[in-house]
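Q: Got data20.pdb for you, PDB, C-alpha atoms, pLDDT in the B column:
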```pdb
ATOM      1  CA  MET A 982     -40.353  -8.891  21.608  1.00 37.00           C
ATOM      2  CA  SER A 983     -36.878  -9.050  23.124  1.00 47.00           C
ATOM      3  CA  LEU A 984     -36.260 -12.526  21.712  1.00 40.00           C
ATOM      4  CA  PHE A 985     -37.523 -11.367  18.335  1.00 37.00           C
ATOM      5  CA  ASN A 986     -35.164  -8.370  18.394  1.00 44.00           C
ATOM      6  CA  LYS A 987     -32.251 -10.628  19.311  1.00 44.00           C
ATOM      7  CA  MET A 988     -33.099 -12.910  16.412  1.00 36.00           C
ATOM      8  CA  LEU A 989     -33.204  -9.934  14.040  1.00 35.00           C
ATOM      9  CA  ALA A 990     -29.903  -8.624  15.426  1.00 37.00           C
ATOM     10  CA  SER A 991     -28.286 -12.003  14.799  1.00 41.00           C
ATOM     11  CA  ILE A 992     -28.961 -11.574  11.078  1.00 36.00           C
ATOM     12  CA  GLY A 993     -27.953  -7.922  11.051  1.00 40.00           C
ATOM     13  CA  VAL A 994     -31.390  -6.285  11.280  1.00 35.00           C
ATOM     14  CA  GLY A 995     -31.587  -3.641  14.007  1.00 45.00           C
ATOM     15  CA  SER A 996     -28.141  -4.558  15.331  1.00 76.00           C
ATOM     16  CA  ALA A 997     -25.231  -2.315  16.367  1.00 85.00           C
ATOM     17  CA  LYS A 998     -23.662   0.023  13.826  1.00 89.00           C
ATOM     18  CA  VAL A 999     -20.179   1.483  13.664  1.00 90.00           C
ATOM     19  CA  ASP A1000     -18.729   4.642  12.120  1.00 93.00           C
ATOM     20  CA  THR A1001     -15.057   5.651  12.193  1.00 94.00           C
ATOM     21  CA  VAL A1002     -14.105   9.318  12.006  1.00 95.00           C
ATOM     22  CA  LEU A1003     -10.431   9.939  11.170  1.00 95.00           C
ATOM     23  CA  SER A1004      -8.610  13.096  12.234  1.00 95.00           C
ATOM     24  CA  LYS A1005      -7.812  13.740   8.553  1.00 95.00           C
ATOM     25  CA  ALA A1006      -7.922  12.020   5.170  1.00 92.00           C
ATOM     26  CA  VAL A1007      -4.258  12.271   4.129  1.00 96.00           C
ATOM     27  CA  PHE A1008      -1.459  10.433   5.946  1.00 97.00           C
ATOM     28  CA  HIS A1009       2.211   9.693   5.344  1.00 96.00           C
ATOM     29  CA  ALA A1010       3.401   6.110   5.646  1.00 95.00           C
ATOM     30  CA  GLY A1011       4.857   5.744   9.141  1.00 94.00           C
ATOM     31  CA  GLU A1012       2.653   8.492  10.587  1.00 96.00           C
ATOM     32  CA  VAL A1013       0.454   8.112  13.679  1.00 96.00           C
ATOM     33  CA  MET A1014      -3.223   7.803  12.740  1.00 96.00           C
ATOM     34  CA  GLU A1015      -5.798   9.171  15.149  1.00 96.00           C
ATOM     35  CA  GLY A1016      -9.554   9.200  15.243  1.00 96.00           C
ATOM     36  CA  VAL A1017     -12.721   8.095  16.985  1.00 96.00           C
ATOM     37  CA  VAL A1018     -14.877   5.011  16.479  1.00 94.00           C
ATOM     38  CA  LYS A1019     -18.554   5.757  17.052  1.00 94.00           C
ATOM     39  CA  ILE A1020     -20.689   2.761  18.012  1.00 92.00           C
ATOM     40  CA  TYR A1021     -24.478   2.890  17.971  1.00 91.00           C
ATOM     41  CA  GLY A1022     -26.502   0.262  19.816  1.00 88.00           C
ATOM     42  CA  GLY A1023     -29.325  -1.536  18.056  1.00 83.00           C
ATOM     43  CA  LYS A1024     -32.740  -2.577  19.274  1.00 82.00           C
ATOM     44  CA  THR A1025     -31.391  -5.061  21.778  1.00 82.00           C
ATOM     45  CA  GLU A1026     -28.408  -5.465  24.080  1.00 85.00           C
ATOM     46  CA  GLN A1027     -25.407  -7.095  22.385  1.00 86.00           C
ATOM     47  CA  LYS A1028     -22.130  -8.545  23.637  1.00 88.00           C
ATOM     48  CA  ILE A1029     -19.214  -7.139  21.628  1.00 88.00           C
ATOM     49  CA  ASP A1030     -16.199  -9.471  21.697  1.00 90.00           C
ATOM     50  CA  ALA A1031     -13.719  -6.957  20.301  1.00 90.00           C
ATOM     51  CA  LEU A1032     -13.304  -3.820  18.201  1.00 92.00           C
ATOM     52  CA  TYR A1033     -10.678  -3.895  15.433  1.00 93.00           C
ATOM     53  CA  LEU A1034      -9.241  -1.511  12.878  1.00 95.00           C
ATOM     54  CA  ALA A1035      -7.463  -2.970   9.854  1.00 95.00           C
ATOM     55  CA  VAL A1036      -5.518  -1.367   7.004  1.00 97.00           C
ATOM     56  CA  TYR A1037      -6.185  -2.882   3.563  1.00 97.00           C
ATOM     57  CA  THR A1038      -4.993  -2.319   0.022  1.00 96.00           C
ATOM     58  CA  THR A1039      -5.725  -3.719  -3.423  1.00 93.00           C
ATOM     59  CA  TYR A1040      -3.277  -5.609  -5.621  1.00 94.00           C
ATOM     60  CA  ILE A1041      -3.237  -7.460  -8.938  1.00 93.00           C
ATOM     61  CA  ARG A1042      -3.049 -11.255  -8.643  1.00 90.00           C
ATOM     62  CA  GLU A1043      -2.473 -13.642 -11.526  1.00 84.00           C
ATOM     63  CA  SER A1044      -4.022 -17.089 -11.801  1.00 80.00           C
ATOM     64  CA  ASP A1045      -4.217 -19.328 -14.890  1.00 80.00           C
ATOM     65  CA  ASP A1046      -2.923 -16.470 -17.089  1.00 80.00           C
ATOM     66  CA  ARG A1047      -5.723 -14.212 -15.905  1.00 85.00           C
ATOM     67  CA  LYS A1048      -5.461 -11.093 -13.741  1.00 87.00           C
ATOM     68  CA  PHE A1049      -7.688 -10.389 -10.759  1.00 88.00           C
ATOM     69  CA  THR A1050      -7.943  -7.494  -8.339  1.00 91.00           C
ATOM     70  CA  ASP A1051      -7.542  -8.840  -4.814  1.00 92.00           C
ATOM     71  CA  LYS A1052      -7.179  -7.238  -1.395  1.00 94.00           C
ATOM     72  CA  ALA A1053      -4.526  -7.715   1.282  1.00 95.00           C
ATOM     73  CA  MET A1054      -4.427  -6.766   4.944  1.00 96.00           C
ATOM     74  CA  ILE A1055      -1.445  -4.631   5.881  1.00 96.00           C
ATOM     75  CA  GLN A1056      -2.136  -4.309   9.598  1.00 95.00           C
ATOM     76  CA  LYS A1057      -4.803  -5.261  12.152  1.00 95.00           C
ATOM     77  CA  HIS A1058      -5.082  -3.249  15.363  1.00 94.00           C
ATOM     78  CA  LYS A1059      -7.266  -4.195  18.334  1.00 94.00           C
ATOM     79  CA  VAL A1060      -8.827  -1.024  19.695  1.00 94.00           C
ATOM     80  CA  LEU A1061     -10.880  -2.531  22.509  1.00 90.00           C
ATOM     81  CA  ASP A1062     -11.567  -5.859  24.197  1.00 89.00           C
ATOM     82  CA  GLY A1063     -15.036  -7.230  24.917  1.00 85.00           C
ATOM     83  CA  PHE A1064     -17.856  -5.092  26.315  1.00 87.00           C
ATOM     84  CA  THR A1065     -21.652  -5.043  26.443  1.00 89.00           C
ATOM     85  CA  LEU A1066     -23.538  -2.526  24.327  1.00 88.00           C
ATOM     86  CA  ALA A1067     -26.988  -1.689  25.645  1.00 90.00           C
ATOM     87  CA  ALA A1068     -29.950  -1.114  23.342  1.00 89.00           C
ATOM     88  CA  ASN A1069     -29.721   2.351  21.710  1.00 90.00           C
ATOM     89  CA  GLU A1070     -26.483   3.096  23.607  1.00 93.00           C
ATOM     90  CA  GLU A1071     -23.870   5.281  21.920  1.00 93.00           C
ATOM     91  CA  LYS A1072     -20.137   5.015  22.543  1.00 93.00           C
ATOM     92  CA  GLU A1073     -17.142   6.955  21.239  1.00 94.00           C
ATOM     93  CA  ILE A1074     -13.818   5.114  21.377  1.00 94.00           C
ATOM     94  CA  PRO A1075     -10.676   7.150  20.591  1.00 96.00           C
ATOM     95  CA  PHE A1076      -7.754   5.362  18.937  1.00 96.00           C
ATOM     96  CA  SER A1077      -4.253   5.944  17.616  1.00 96.00           C
ATOM     97  CA  PHE A1078      -1.797   3.630  15.868  1.00 95.00           C
ATOM     98  CA  VAL A1079       1.142   3.930  13.493  1.00 95.00           C
ATOM     99  CA  LEU A1080       0.459   3.456   9.804  1.00 96.00           C
ATOM    100  CA  PRO A1081       3.181   0.986   8.700  1.00 94.00           C
ATOM    101  CA  PHE A1082       6.152   2.427   6.824  1.00 93.00           C
ATOM    102  CA  ASP A1083       5.562  -0.016   3.970  1.00 92.00           C
ATOM    103  CA  THR A1084       1.928   0.981   3.441  1.00 95.00           C
ATOM    104  CA  PRO A1085       1.459   1.437  -0.336  1.00 96.00           C
ATOM    105  CA  VAL A1086       1.293   4.978  -1.663  1.00 96.00           C
ATOM    106  CA  THR A1087      -2.087   5.833  -3.184  1.00 96.00           C
ATOM    107  CA  LYS A1088      -0.828   6.733  -6.633  1.00 91.00           C
ATOM    108  CA  GLY A1089      -2.121   5.266  -9.875  1.00 87.00           C
ATOM    109  CA  SER A1090      -4.642   2.490  -9.295  1.00 86.00           C
ATOM    110  CA  THR A1091      -3.581   1.783  -5.697  1.00 92.00           C
ATOM    111  CA  ARG A1092      -6.283   2.153  -3.054  1.00 94.00           C
ATOM    112  CA  VAL A1093      -5.883   1.995   0.738  1.00 97.00           C
ATOM    113  CA  TRP A1094      -8.655   1.965   3.312  1.00 96.00           C
ATOM    114  CA  ILE A1095      -9.334   1.526   7.016  1.00 96.00           C
ATOM    115  CA  GLN A1096     -11.803  -1.252   7.817  1.00 94.00           C
ATOM    116  CA  THR A1097     -13.566  -1.021  11.182  1.00 93.00           C
ATOM    117  CA  MET A1098     -14.933  -4.293  12.549  1.00 90.00           C
ATOM    118  CA  LEU A1099     -17.108  -5.094  15.549  1.00 89.00           C
ATOM    119  CA  ASP A1100     -16.707  -8.758  16.492  1.00 87.00           C
ATOM    120  CA  ILE A1101     -20.115 -10.005  17.657  1.00 80.00           C
ATOM    121  CA  ALA A1102     -20.635 -13.695  18.399  1.00 69.00           C
ATOM    122  CA  SER A1103     -23.510 -15.388  16.554  1.00 53.00           C
ATOM    123  CA  ALA A1104     -24.305 -12.247  14.572  1.00 52.00           C
ATOM    124  CA  VAL A1105     -23.368 -10.373  11.435  1.00 59.00           C
ATOM    125  CA  ASP A1106     -20.310  -8.261  12.276  1.00 64.00           C
ATOM    126  CA  PRO A1107     -20.932  -4.540  11.580  1.00 75.00           C
ATOM    127  CA  THR A1108     -18.196  -2.893   9.509  1.00 85.00           C
ATOM    128  CA  ASP A1109     -17.208   0.533   8.238  1.00 91.00           C
ATOM    129  CA  LYS A1110     -14.860   1.336   5.346  1.00 93.00           C
ATOM    130  CA  ASP A1111     -12.926   4.621   5.045  1.00 95.00           C
ATOM    131  CA  TYR A1112     -10.581   5.305   2.137  1.00 96.00           C
ATOM    132  CA  ILE A1113      -7.459   7.328   2.898  1.00 97.00           C
ATOM    133  CA  GLN A1114      -4.766   9.026   0.848  1.00 97.00           C
ATOM    134  CA  VAL A1115      -1.277   7.742   1.651  1.00 97.00           C
ATOM    135  CA  GLU A1116       1.788   9.819   0.818  1.00 97.00           C
ATOM    136  CA  PRO A1117       5.309   8.311   0.747  1.00 95.00           C
ATOM    137  CA  THR A1118       7.795   8.588   3.578  1.00 95.00           C
ATOM    138  CA  THR A1119      10.270  11.457   3.374  1.00 94.00           C
ATOM    139  CA  LEU A1120      13.008   9.108   2.153  1.00 95.00           C
ATOM    140  CA  ALA A1121      10.802   7.389  -0.452  1.00 96.00           C
ATOM    141  CA  ASN A1122       9.544  10.752  -1.650  1.00 96.00           C
ATOM    142  CA  THR A1123      13.149  11.896  -2.149  1.00 96.00           C
ATOM    143  CA  VAL A1124      13.926   8.820  -4.267  1.00 97.00           C
ATOM    144  CA  LEU A1125      10.862   9.283  -6.489  1.00 97.00           C
ATOM    145  CA  LYS A1126      11.406  13.029  -6.896  1.00 97.00           C
ATOM    146  CA  GLU A1127      15.058  12.575  -7.859  1.00 97.00           C
ATOM    147  CA  ILE A1128      14.069  10.066 -10.558  1.00 97.00           C
ATOM    148  CA  GLU A1129      11.680  12.682 -11.942  1.00 97.00           C
ATOM    149  CA  ASN A1130      14.466  15.261 -11.768  1.00 97.00           C
ATOM    150  CA  LEU A1131      16.507  13.001 -14.073  1.00 97.00           C
ATOM    151  CA  GLY A1132      13.878  13.435 -16.791  1.00 97.00           C
ATOM    152  CA  PHE A1133      11.452  10.611 -15.977  1.00 98.00           C
ATOM    153  CA  ARG A1134       7.669  10.706 -15.649  1.00 97.00           C
ATOM    154  CA  LEU A1135       5.539   8.320 -13.614  1.00 96.00           C
ATOM    155  CA  ARG A1136       3.503   6.175 -16.022  1.00 95.00           C
ATOM    156  CA  LYS A1137       1.993   3.668 -13.610  1.00 94.00           C
ATOM    157  CA  ALA A1138       1.924   2.851  -9.910  1.00 95.00           C
ATOM    158  CA  GLU A1139       0.382  -0.476  -9.005  1.00 94.00           C
ATOM    159  CA  CYS A1140       0.555  -3.202  -6.389  1.00 95.00           C
ATOM    160  CA  GLU A1141       1.238  -6.541  -8.036  1.00 93.00           C
ATOM    161  CA  GLN A1142       1.580 -10.077  -6.763  1.00 92.00           C
ATOM    162  CA  ALA A1143       5.138 -10.619  -5.549  1.00 89.00           C
ATOM    163  CA  SER A1144       7.286 -13.435  -6.866  1.00 83.00           C
ATOM    164  CA  ARG A1145       8.594 -16.039  -4.418  1.00 80.00           C
ATOM    165  CA  LYS A1146      12.050 -14.464  -4.559  1.00 78.00           C
ATOM    166  CA  TYR A1147      10.866 -11.048  -3.388  1.00 76.00           C
ATOM    167  CA  ARG A1148       7.804 -11.955  -1.351  1.00 77.00           C
ATOM    168  CA  GLY A1149       8.041 -10.566   2.171  1.00 77.00           C
ATOM    169  CA  VAL A1150       5.391  -9.902   4.789  1.00 82.00           C
ATOM    170  CA  TYR A1151       2.756  -9.134   2.172  1.00 90.00           C
ATOM    171  CA  PRO A1152       1.735 -11.058  -0.967  1.00 91.00           C
ATOM    172  CA  PHE A1153       2.369  -8.011  -3.169  1.00 94.00           C
ATOM    173  CA  MET A1154       4.918  -5.340  -4.073  1.00 93.00           C
ATOM    174  CA  GLN A1155       4.137  -1.808  -5.183  1.00 96.00           C
ATOM    175  CA  GLU A1156       5.838  -0.924  -8.459  1.00 95.00           C
ATOM    176  CA  PHE A1157       6.453   2.620  -9.680  1.00 97.00           C
ATOM    177  CA  GLU A1158       6.970   2.584 -13.442  1.00 96.00           C
ATOM    178  CA  TYR A1159       8.824   5.565 -14.905  1.00 97.00           C
ATOM    179  CA  VAL A1160       9.519   6.442 -18.543  1.00 97.00           C
ATOM    180  CA  PRO A1161      12.216   8.899 -19.733  1.00 97.00           C
ATOM    181  CA  MET A1162      10.732  12.027 -21.303  1.00 96.00           C
ATOM    182  CA  THR A1163      13.750  14.336 -21.402  1.00 96.00           C
ATOM    183  CA  GLY A1164      17.392  14.311 -20.413  1.00 94.00           C
ATOM    184  CA  GLU A1165      20.276  11.927 -20.946  1.00 94.00           C
ATOM    185  CA  PHE A1166      18.262   8.698 -20.702  1.00 96.00           C
ATOM    186  CA  TYR A1167      15.623   9.631 -23.271  1.00 95.00           C
ATOM    187  CA  GLY A1168      16.173   7.265 -26.179  1.00 92.00           C
ATOM    188  CA  LYS A1169      18.472   5.007 -24.132  1.00 92.00           C
ATOM    189  CA  LEU A1170      16.006   3.455 -21.676  1.00 95.00           C
ATOM    190  CA  ASP A1171      12.475   2.227 -22.204  1.00 94.00           C
ATOM    191  CA  GLU A1172      11.521   2.434 -18.550  1.00 95.00           C
ATOM    192  CA  VAL A1173      12.709   2.171 -14.974  1.00 97.00           C
ATOM    193  CA  GLU A1174      10.639   0.379 -12.348  1.00 96.00           C
ATOM    194  CA  VAL A1175      11.155   1.119  -8.663  1.00 97.00           C
ATOM    195  CA  VAL A1176      10.123  -1.210  -5.827  1.00 96.00           C
ATOM    196  CA  PHE A1177      10.603  -0.450  -2.134  1.00 95.00           C
ATOM    197  CA  LEU A1178      11.361  -3.850  -0.580  1.00 93.00           C
ATOM    198  CA  SER A1179      11.488  -2.524   2.993  1.00 91.00           C
ATOM    199  CA  GLN A1180      11.537   0.794   4.806  1.00 92.00           C
ATOM    200  CA  THR A1181      12.413   2.187   8.226  1.00 90.00           C
ATOM    201  CA  PRO A1182      12.696   5.802   9.388  1.00 88.00           C
ATOM    202  CA  GLU A1183      16.433   5.717   8.621  1.00 93.00           C
ATOM    203  CA  LYS A1184      16.798   3.673   5.433  1.00 94.00           C
ATOM    204  CA  ALA A1185      15.035   2.070   2.474  1.00 95.00           C
ATOM    205  CA  GLU A1186      15.868  -1.089   0.515  1.00 95.00           C
ATOM    206  CA  LEU A1187      15.023  -0.677  -3.167  1.00 95.00           C
ATOM    207  CA  LEU A1188      15.030  -2.744  -6.309  1.00 95.00           C
ATOM    208  CA  LEU A1189      15.429  -0.982  -9.652  1.00 96.00           C
ATOM    209  CA  GLN A1190      14.444  -2.724 -12.870  1.00 95.00           C
ATOM    210  CA  ILE A1191      16.271  -0.921 -15.675  1.00 95.00           C
ATOM    211  CA  ASP A1192      14.881  -1.652 -19.133  1.00 94.00           C
ATOM    212  CA  ARG A1193      17.263  -0.717 -21.938  1.00 87.00           C
ATOM    213  CA  LYS A1194      15.970   0.393 -25.307  1.00 75.00           C
ATOM    214  CA  ALA A1195      16.493  -2.144 -28.105  1.00 53.00           C
ATOM    215  CA  ARG A1196      19.241  -1.241 -30.579  1.00 51.00           C
ATOM    216  CA  GLY A1197      19.523  -3.193 -33.830  1.00 42.00           C
ATOM    217  CA  PHE A1198      18.531  -6.799 -34.495  1.00 40.00           C
ATOM    218  CA  GLY A1199      20.521  -8.107 -31.527  1.00 41.00           C
ATOM    219  CA  GLY A1200      18.766  -5.608 -29.289  1.00 43.00           C
ATOM    220  CA  PHE A1201      15.358  -6.736 -30.480  1.00 41.00           C
ATOM    221  CA  LEU A1202      16.286 -10.361 -29.768  1.00 39.00           C
ATOM    222  CA  ALA A1203      17.439  -9.417 -26.285  1.00 44.00           C
ATOM    223  CA  GLU A1204      14.217  -7.487 -25.712  1.00 48.00           C
ATOM    224  CA  ALA A1205      12.131 -10.452 -26.875  1.00 47.00           C
ATOM    225  CA  MET A1206      13.959 -12.680 -24.382  1.00 45.00           C
ATOM    226  CA  ASP A1207      13.815 -10.057 -21.595  1.00 51.00           C
ATOM    227  CA  GLN A1208      17.605  -9.908 -21.579  1.00 53.00           C
ATOM    228  CA  ASP A1209      17.488  -6.132 -21.895  1.00 65.00           C
ATOM    229  CA  GLU A1210      16.249  -5.852 -18.297  1.00 83.00           C
ATOM    230  CA  THR A1211      18.610  -5.515 -15.347  1.00 91.00           C
ATOM    231  CA  PHE A1212      17.606  -5.783 -11.692  1.00 93.00           C
ATOM    232  CA  VAL A1213      19.730  -3.618  -9.421  1.00 94.00           C
ATOM    233  CA  PRO A1214      19.402  -3.486  -5.600  1.00 95.00           C
ATOM    234  CA  LEU A1215      19.935  -0.123  -3.933  1.00 96.00           C
ATOM    235  CA  THR A1216      19.999   0.910  -0.275  1.00 96.00           C
ATOM    236  CA  VAL A1217      19.521   4.574   0.607  1.00 96.00           C
ATOM    237  CA  HIS A1218      19.941   6.179   4.031  1.00 96.00           C
ATOM    238  CA  LYS A1219      18.304   9.270   5.477  1.00 93.00           C
ATOM    239  CA  HIS A1220      21.649  10.886   6.302  1.00 93.00           C
ATOM    240  CA  GLU A1221      22.758  10.461   2.670  1.00 92.00           C
ATOM    241  CA  ALA A1222      19.668  12.082   1.130  1.00 92.00           C
ATOM    242  CA  SER A1223      21.748  14.676  -0.744  1.00 94.00           C
ATOM    243  CA  GLU A1224      23.579  11.876  -2.607  1.00 96.00           C
ATOM    244  CA  ILE A1225      20.509   9.951  -3.791  1.00 96.00           C
ATOM    245  CA  LYS A1226      20.197  11.659  -7.177  1.00 96.00           C
ATOM    246  CA  SER A1227      23.874  11.062  -7.963  1.00 96.00           C
ATOM    247  CA  ARG A1228      23.697   7.386  -6.950  1.00 96.00           C
ATOM    248  CA  ILE A1229      20.627   6.727  -9.075  1.00 97.00           C
ATOM    249  CA  TYR A1230      22.192   8.579 -12.010  1.00 97.00           C
ATOM    250  CA  GLN A1231      25.352   6.461 -11.825  1.00 96.00           C
ATOM    251  CA  LEU A1232      23.331   3.225 -11.800  1.00 95.00           C
ATOM    252  CA  LEU A1233      21.178   4.280 -14.750  1.00 96.00           C
ATOM    253  CA  ARG A1234      24.231   5.371 -16.697  1.00 94.00           C
ATOM    254  CA  LYS A1235      26.015   2.087 -15.962  1.00 93.00           C
ATOM    255  CA  TYR A1236      23.151  -0.099 -17.208  1.00 90.00           C
ATOM    256  CA  SER A1237      21.788   2.058 -20.041  1.00 85.00           C
TER     257      SER A1237
END
```
The structure in this file should be written as structure tokens.
A:
Amino acid sequence: MSLFNKMLASIGVGSAKVDTVLSKAVFHAGEVMEGVVKIYGGKTEQKIDALYLAVYTTYIRESDDRKFTDKAMIQKHKVLDGFTLAANEEKEIPFSFVLPFDTPVTKGSTRVWIQTMLDIASAVDPTDKDYIQVEPTTLANTVLKEIENLGFRLRKAECEQASRKYRGVYPFMQEFEYVPMTGEFYGKLDEVEVVFLSQTPEKAELLLQIDRKARGFGGFLAEAMDQDETFVPLTVHKHEASEIKSRIYQLLRKYS
């Protein structure tokens, strides 16, 4: 019977199960995440090689002029090294780790989840998937709010495959696409896209794509050739938060 149970466990029948309970469902990028991983033993003793928690997100990838939804790992955290789990044994393993500052914000179609993985040799690895809501850092939130205060509305937020020029640690970049609804830039700009290239607690490196509205035949030609788009880098610091709106306004005015 024991050998039979081990054989079943090796194909995932009657094997260990895992369930992660987070302290809450909403986190800010850069915040410490805490929780407990609950592990339930199966019908037979099993050797667990390691317990991992990983942060994943979705992004749009292009291939052969077609778009696909793919997933990317943002961080992998080892919670525990190898141990033996007895039959029907229950364990609770507390954990804490920092959610990376560049974790995508869960706006628009962006999804972020915590994947729990038990690494078991010669067996199907039990997993658990918990979706979380990710809010922007204080600095990123200030940038996005000030753009809205200039009369823009968020139309789309999506993680897309990064070009070679801007590809960093991850294969994607999160783009926030804003359209002018009121104010000075209504009728002058088609849209403004914001990308956070990197973030720390003290500063953020941004890229603004400013899309001017076509004016006349020459403007339509420029729009058709994407010459109406300007890419502008911008660095903002925490201690200069009160100046962010003015700096963004000056850039938009310059390129509109």
Q: To verify the selection step, state as a list in words which residues the PyMOL selection byres ((chain A and resi 1234) around 12) yields on this input.
A: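 Checking the PyMOL selection byres ((chain A and resi 1234) around 12) against this file, the residues are Leu1131, Gly1164, Glu1165, Phe1166, Tyr1167, Lys1169, Leu1170, Ile1191, Asp1192, Arg1193, Ser1227, Arg1228, Ile1229, Tyr1230, Gln1231, Leu1232, Leu1233, Lys1235, Tyr1236 and Ser1237 of chain A.
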Q: Could you list, as an MDAnalysis selection string, every residue matched by the PyMOL selection byres ((chain A and resi 1017-1023) around 10) in this structure?
A: chainID A and resid 986:987 990 993:1004 1015:1016 1024:1027 1032:1034 1060 1065:1077 1097 1099 1107 1109
Q: Just the number, please: distance in Å from atom CA of A:Arg1136 to atom CA of A:Thr1123, one decimal.
A: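 Separation between atom CA of A:Arg1136 and atom CA of A:Thr1123: 17.8 Å.
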Q: With the PyMOL selection byres ((chain A and resi 1177) around 7) as the selection, what would be picked from this file? Answer as a list in words, please.
A: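 Output from the PyMOL selection byres ((chain A and resi 1177) around 7), applied to this file: Val1175, Val1176, Leu1178, Ser1179, Ala1185, Glu1186, Leu1187 and Leu1188 of chain A.
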Q: Kindly list the centre and edge lengths in Å, rounded to one decimal, for the axis-aligned box that covers all listed atoms of stretch 1125-1139 of chain A plus 5 Å on each of its six sides, as AutoDock Vina command-line options.
A:
```
--center_x 8.4 --center_y 7.4 --center_z -11.6 --size_x 26.1 --size_y 25.7 --size_z 20.3
```
Q: Smallest atom-to-atom distance to A:Thr1216: which of A:Leu1189, A:Val1150, A:Val1007, A:Met1162, using all atoms listed in the file?
A: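 Of the candidates, the smallest distance to A:Thr1216 is held by A:Leu1189.
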Q: Enter the distance from atom CA of A:Lys1028 to atom CA of A:Asp1062, in Å, rounded to one decimal.
A: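 Answer for the atom CA of A:Lys1028 to atom CA of A:Asp1062 separation: 10.9 Å.
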Q: Which neighbours of A:Arg1042 fall inside 12 Å, counting all atoms listed in the file, when residues of the same chain fewer than 3 positions from it are skipped, and could you give them as a ChimeraX atom specification?
A: /A:1039,1045-1053,1139-1144,1152-1154
Q: By how many Å are atom CA of A:Gln1180 and atom CA of A:Val1115 apart?
A: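 Between atom CA of A:Gln1180 and atom CA of A:Val1115 the gap works out to 14.9 Å.
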Q: Which residues are near A:Leu1120? Cut-off 8 Å, all atoms listed in the file, ignore same chain within fewer than 5 positions. Put them as a JSON list (two decimals) with C-alpha atoms, keeping the file's coordinate frame.
A:
```
[["chain", "number", "residue", "atom", "x", "y", "z"],
["A", 1182, "PRO", "CA", 12.70, 5.80, 9.39],
["A", 1184, "LYS", "CA", 16.80, 3.67, 5.43],
["A", 1185, "ALA", "CA", 15.04, 2.07, 2.47],
["A", 1218, "HIS", "CA", 19.94, 6.18, 4.03],
["A", 1219, "LYS", "CA", 18.30, 9.27, 5.48],
["A", 1222, "ALA", "CA", 19.67, 12.08, 1.13]]
```
Q: Under the rule that only C-alpha atoms are counted, which of A:Glu1221, A:Thr1118, A:Glu1158, A:Ile1113 is the nearest residue to A:Leu1135?
A: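 Ranked by minimum distance to A:Leu1135, first place goes to A:Glu1158.
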Q: When you look at A:Thr1181 with a cut-off of 9 Å (counting all atoms listed in the file), what residues show up, excluding the ones that are within fewer than 5 positions of it in the same chain? I need them as a list in words.
A: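 What passes the distance filter is Gly1011, Phe1082 and Asp1083 of chain A.
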Q: For A:Val1173, which of A:Gln1056, A:Thr1084, A:Gln1190, A:Asn1122 is the closest residue, counting all atoms listed in the file?
A: A:Gln1190
